[in-house]
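*Asks:* Structure file input-v8.txt, compact mmCIF, C-alpha atoms, is pasted below:
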# COMPACT_ATOMS: atom_id res chain seq x y z
CA MET A 1 2.32 -67.99 -110.13
CA ALA A 2 5.58 -68.80 -111.91
CA LYS A 3 8.82 -69.15 -110.03
CA LYS A 4 11.17 -66.19 -110.13
CA ARG A 5 14.65 -66.99 -111.27
CA PRO A 6 17.49 -65.22 -109.47
CA SER A 7 19.09 -62.57 -111.64
CA ALA A 8 22.37 -63.80 -113.03
CA PRO A 9 24.71 -62.16 -115.48
CA ALA A 10 23.93 -62.87 -119.13
CA ALA A 11 27.63 -63.36 -119.81
CA ILE A 12 30.93 -63.68 -118.00
CA ARG A 13 33.31 -61.32 -119.79
CA ASN A 14 37.06 -61.16 -120.22
CA ARG A 15 37.42 -57.40 -119.77
CA ARG A 16 41.18 -57.34 -120.43
CA ALA A 17 40.88 -58.98 -123.86
CA ARG A 18 40.04 -55.83 -125.84
CA HIS A 19 42.75 -53.92 -123.98
CA ASP A 20 45.50 -56.48 -124.56
CA TYR A 21 44.66 -57.70 -128.10
CA GLU A 22 43.70 -56.37 -131.52
CA LEU A 23 40.76 -58.66 -132.17
CA GLY A 24 39.23 -59.89 -135.41
CA ASP A 25 35.83 -61.46 -135.97
CA SER A 26 34.39 -63.41 -133.08
CA LEU A 27 33.05 -66.94 -133.16
CA VAL A 28 30.57 -68.64 -130.81
CA VAL A 29 31.50 -72.22 -129.89
CA GLY A 30 30.40 -74.76 -127.31
CA LEU A 31 32.10 -75.95 -124.13
CA GLN A 32 32.28 -79.43 -122.64
CA LEU A 33 31.34 -78.99 -118.96
CA THR A 34 30.17 -81.05 -116.01
CA GLY A 35 26.79 -80.47 -114.38
CA ALA A 36 28.23 -78.64 -111.38
CA GLU A 37 30.25 -76.35 -113.66
CA THR A 38 27.15 -75.55 -115.72
CA LYS A 39 25.10 -74.68 -112.65
CA SER A 40 27.91 -72.58 -111.21
CA LEU A 41 28.37 -70.62 -114.46
CA ARG A 42 24.64 -69.93 -114.69
CA GLN A 43 24.89 -68.32 -111.25
CA GLY A 44 27.85 -66.21 -112.40
CA HIS A 45 30.64 -67.97 -110.48
CA GLY A 46 33.56 -67.94 -112.89
CA HIS A 47 36.02 -65.72 -114.71
CA LEU A 48 38.21 -65.70 -117.80
CA ARG A 49 41.08 -63.66 -116.37
CA GLY A 50 44.28 -65.12 -117.84
CA ALA A 51 42.44 -67.74 -119.89
CA TYR A 52 43.41 -68.71 -123.42
CA VAL A 53 42.56 -71.32 -126.05
CA THR A 54 45.21 -73.73 -127.31
CA VAL A 55 45.36 -76.51 -129.89
CA LYS A 56 46.18 -80.11 -128.92
CA ASN A 57 45.77 -83.00 -131.37
CA ASP A 58 43.67 -80.87 -133.77
CA GLU A 59 41.24 -80.02 -130.94
CA LEU A 60 40.68 -76.72 -129.13
CA TRP A 61 41.08 -76.55 -125.35
CA LEU A 62 40.20 -73.72 -122.97
CA ILE A 63 43.05 -73.36 -120.49
CA ASN A 64 43.14 -71.49 -117.17
CA ALA A 65 39.46 -70.46 -117.03
CA THR A 66 38.29 -70.56 -113.44
CA ILE A 67 34.86 -71.88 -112.44
CA THR A 68 34.23 -71.67 -108.71
CA GLY A 69 31.44 -73.33 -106.81
CA ASN A 70 29.49 -71.98 -103.90
CA ASN A 71 28.03 -73.62 -100.80
CA GLY A 72 25.47 -75.70 -102.76
CA ILE A 73 27.75 -76.59 -105.67
CA PRO A 74 30.91 -78.47 -104.74
CA ILE A 75 33.75 -78.03 -107.22
CA ASP A 76 37.09 -79.48 -106.18
CA GLU A 77 40.16 -77.21 -105.99
CA THR A 78 41.98 -79.23 -108.63
CA THR A 79 39.11 -79.02 -111.13
CA LYS A 80 38.45 -75.27 -110.85
CA THR A 81 40.98 -74.43 -113.55
CA ARG A 82 41.09 -77.71 -115.48
CA ALA A 83 41.41 -77.77 -119.26
CA ARG A 84 37.98 -77.82 -120.92
CA LYS A 85 37.34 -78.98 -124.47
CA VAL A 86 35.98 -76.38 -126.89
CA LEU A 87 33.35 -77.73 -129.28
CA ALA A 88 33.44 -76.29 -132.79
CA LYS A 89 33.00 -77.42 -136.38
CA ARG A 90 36.02 -78.81 -138.20
CA LYS A 91 36.08 -75.92 -140.69
CA GLU A 92 36.12 -73.39 -137.82
CA ILE A 93 38.87 -75.29 -136.02
CA ASP A 94 40.99 -75.39 -139.17
CA ALA A 95 40.55 -71.63 -139.69
CA LEU A 96 41.60 -70.96 -136.08
CA ILE A 97 44.63 -73.24 -136.43
CA ALA A 98 45.64 -71.39 -139.61
CA GLY A 99 45.41 -68.06 -137.77
CA ARG A 100 47.39 -69.52 -134.91
CA GLN A 101 50.19 -70.51 -137.29
CA GLN A 102 50.39 -66.86 -138.43
CA GLY A 103 51.46 -65.89 -134.92
CA LYS A 104 48.05 -64.88 -133.59
CA THR A 105 46.35 -65.94 -130.37
CA ILE A 106 42.91 -67.42 -129.80
CA VAL A 107 41.35 -65.29 -127.07
CA PRO A 108 38.20 -66.18 -125.07
CA LEU A 109 36.00 -63.07 -124.86
CA GLU A 110 32.96 -64.16 -122.86
CA ILE A 111 30.95 -67.12 -121.63
CA LEU A 112 27.31 -66.87 -122.71
CA THR A 113 24.88 -68.43 -120.23
CA GLN A 114 21.49 -67.25 -121.46
CA GLY A 115 20.30 -70.05 -123.75
CA ARG A 116 19.88 -73.75 -123.28
CA TYR A 117 23.58 -74.41 -123.80
CA ILE A 118 26.55 -72.57 -122.36
CA LYS A 119 28.61 -71.08 -125.17
CA LEU A 120 32.01 -69.44 -125.42
CA ARG A 121 32.72 -66.43 -127.65
CA ILE A 122 36.28 -66.55 -128.95
CA SER A 123 38.24 -64.37 -131.32
CA ILE A 124 41.61 -64.52 -132.99
CA GLY A 125 43.84 -61.56 -132.26
CA ARG A 126 47.33 -60.19 -132.16
CA GLY A 127 48.81 -58.97 -128.89
CA LYS A 128 49.20 -55.21 -128.53
CA LYS A 129 52.49 -53.62 -127.61
CA ARG A 130 52.68 -51.14 -124.77
CA TYR A 131 52.72 -48.10 -127.09
CA ASP A 132 49.65 -49.43 -128.93
CA LYS A 133 47.78 -49.59 -125.64
CA ARG A 134 48.79 -46.01 -124.81
CA GLN A 135 47.63 -44.79 -128.24
CA THR A 136 44.28 -46.54 -127.76
CA LEU A 137 43.80 -44.93 -124.33
CA LYS A 138 44.78 -41.51 -125.69
CA ALA A 139 42.33 -41.78 -128.60
CA ARG A 140 39.55 -42.82 -126.20
CA ASP A 141 40.30 -39.88 -123.88
CA ASP A 142 40.33 -37.44 -126.80
CA ALA A 143 36.97 -38.75 -128.04
CA ARG A 144 35.50 -38.46 -124.54
CA ASN A 145 36.77 -34.88 -124.13
CA THR A 146 35.41 -33.89 -127.56
CA ALA A 147 32.00 -35.37 -126.78
CA ALA A 148 31.92 -33.60 -123.41
CA ALA A 149 32.86 -30.27 -125.04
CA LEU A 150 30.15 -30.64 -127.70
CA LYS A 151 27.58 -31.57 -125.06
CA PHE A 152 28.56 -28.58 -122.91
CA LYS A 153 28.35 -26.16 -125.87
CA GLY A 154 25.04 -27.48 -127.21
Can you turn what I pasted into structure tokens?
*Replies:*
Amino acid sequence: MAKKRPSAPAAIRNRRARHDYELGDSLVVGLQLTGAETKSLRQGHGHLRGAYVTVKNDELWLINATITGNNGIPIDETTKTRARKVLAKRKEIDALIAGRQQGKTIVPLEILTQGRYIKLRISIGRGKKRYDKRQTLKARDDARNTAAALKFKG
């Protein structure tokens, strides 16, 4: 009989990203990780809260993403939020840098842990203002109320 793998999340999501940013097309890129970080992410021990991607020396770096270990996976306190290199093709990096120069931000959306490699889904977006966030919430509430009314009638 085959071994059962423990159920782990398919992705670690940045739930605030769609609330705080108007996002464009997303892009799946690689991450340069250590073995302990890879194992920890596969078990779902990490988050993207407050993380962002920056450009240093024409390379992309993931800043402020937290990967925590558990009792079997030791990850030092200083390396939990270290800068991690983002692996992408030169053409993709140049397009992201061009968007960055237009005043946009490179936002990490989720860490994908399903396949052989751990990938990062990023998107370029513009930060929303407070009134934009309120309009989005109001539109979502109106759509929910309309759907509930139609369901109740029908």
*Asks:* Can you tell me which residues surround Leu109 (chain A) at a distance of at most 9 Å, considering only C-alpha atoms, apart from same-chain residues fewer than 4 positions away, and format the answer as a list in words?
*Replies:*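 Surrounding residues, per the criterion: Ile12, Arg13, Asn14, Arg15, Arg16, Ala17, Arg18, Ser26, Leu48, Leu120, Arg121, Ile122 and Ser123 of chain A.
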*Asks:* Just the selected residues (C-alpha atoms), exported as a PDB file, in the frame of the given file, please.
*Replies:*
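Once written, result_16.pdb looks like this:
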ATOM      1  CA  ILE A  12      30.930 -63.680-118.000  1.00  0.00           C
ATOM      2  CA  ARG A  13      33.310 -61.320-119.790  1.00  0.00           C
ATOM      3  CA  ASN A  14      37.060 -61.160-120.220  1.00  0.00           C
ATOM      4  CA  ARG A  15      37.420 -57.400-119.770  1.00  0.00           C
ATOM      5  CA  ARG A  16      41.180 -57.340-120.430  1.00  0.00           C
ATOM      6  CA  ALA A  17      40.880 -58.980-123.860  1.00  0.00           C
ATOM      7  CA  ARG A  18      40.040 -55.830-125.840  1.00  0.00           C
ATOM      8  CA  SER A  26      34.390 -63.410-133.080  1.00  0.00           C
ATOM      9  CA  LEU A  48      38.210 -65.700-117.800  1.00  0.00           C
ATOM     10  CA  LEU A 120      32.010 -69.440-125.420  1.00  0.00           C
ATOM     11  CA  ARG A 121      32.720 -66.430-127.650  1.00  0.00           C
ATOM     12  CA  ILE A 122      36.280 -66.550-128.950  1.00  0.00           C
ATOM     13  CA  SER A 123      38.240 -64.370-131.320  1.00  0.00           C
TER      14      SER A 123
END
*Asks:* Would you kindly return, as a list in words, each protein, DNA or RNA residue with an atom no farther than 12 Å from any atom of Val55 (chain A), considering all atoms listed in the file and excluding same-chain residues fewer than 2 positions away?
*Replies:* Tyr52, Val53, Asn57, Asp58, Glu59, Leu60, Trp61, Leu62, Ile63, Ala83, Arg84, Lys85, Val86, Ile93, Asp94, Ala95, Leu96, Ile97, Ala98, Gly99, Arg100, Gln101, Thr105 and Ile106 of chain A
*Asks:* Assuming 4 Å of padding per side, give the centre and edge lengths of the axis-aligned box around every listed atom of region 97-107 of chain A, in Å to one decimal and as JSON.
*Replies:*
{"center_x": 46.4, "center_y": -69.1, "center_z": -133.3, "size_x": 18.1, "size_y": 16.4, "size_z": 20.5}
*Asks:* Calculate how many Å separate CA of Lys80 (chain A) from CA of Ile118 (chain A), rounding to one decimal.
*Replies:* 16.8 Å
*Asks:* Find, counting all atoms listed in the file, the residue in A:Thr66, A:Lys133, A:Asn145, A:Gln43 that gets nearest to His19 (chain A).
*Replies:* A:Lys133
*Asks:* Mind pulling up the distance from CA of Leu33 (chain A) to CA of Lys56 (chain A)?
*Replies:*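 Pair CA of Lys56 (chain A) / CA of Leu33 (chain A) returns 17.9 Å.
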*Asks:* Hey, can you check how far CA of Gly24 (chain A) sits from CA of Glu110 (chain A)?
*Replies:*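 Taking CA of Gly24 (chain A) as the start and CA of Glu110 (chain A) as the end point, the length is 14.7 Å.
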*Asks:* From the list A:Ile124, A:Ala10, A:Leu87, A:Ile111, which residue is nearest Asp25 (chain A) when using all atoms listed in the file?
*Replies:*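 Using all atoms listed in the file, the shortest distance to Asp25 (chain A) belongs to A:Ile124.
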*Asks:* Need to verify the contact set: Arg116 (chain A), 12 Å, all atoms listed in the file, exclusion of same-chain residues closer than 4 positions in sequence. Can you return it as an mmCIF file with C-alpha atoms, keeping the file's coordinate frame?
*Replies:*
data_model
loop_
_atom_site.group_PDB
_atom_site.id
_atom_site.type_symbol
_atom_site.label_atom_id
_atom_site.label_comp_id
_atom_site.auth_asym_id
_atom_site.auth_seq_id
_atom_site.Cartn_x
_atom_site.Cartn_y
_atom_site.Cartn_z
ATOM 1 C CA GLY A 30 30.400 -74.760 -127.310
ATOM 2 C CA THR A 38 27.150 -75.550 -115.720
ATOM 3 C CA LYS A 39 25.100 -74.680 -112.650
ATOM 4 C CA ARG A 42 24.640 -69.930 -114.690
ATOM 5 C CA LEU A 112 27.310 -66.870 -122.710
#
*Asks:* Which residue is closest to Ile67 (chain A)? Choose from A:Val107, A:Leu137, A:Ala51, A:Ala147 and count all atoms listed in the file.
*Replies:*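 Looking only at the distances to Ile67 (chain A), the closest residue turns out to be A:Ala51.
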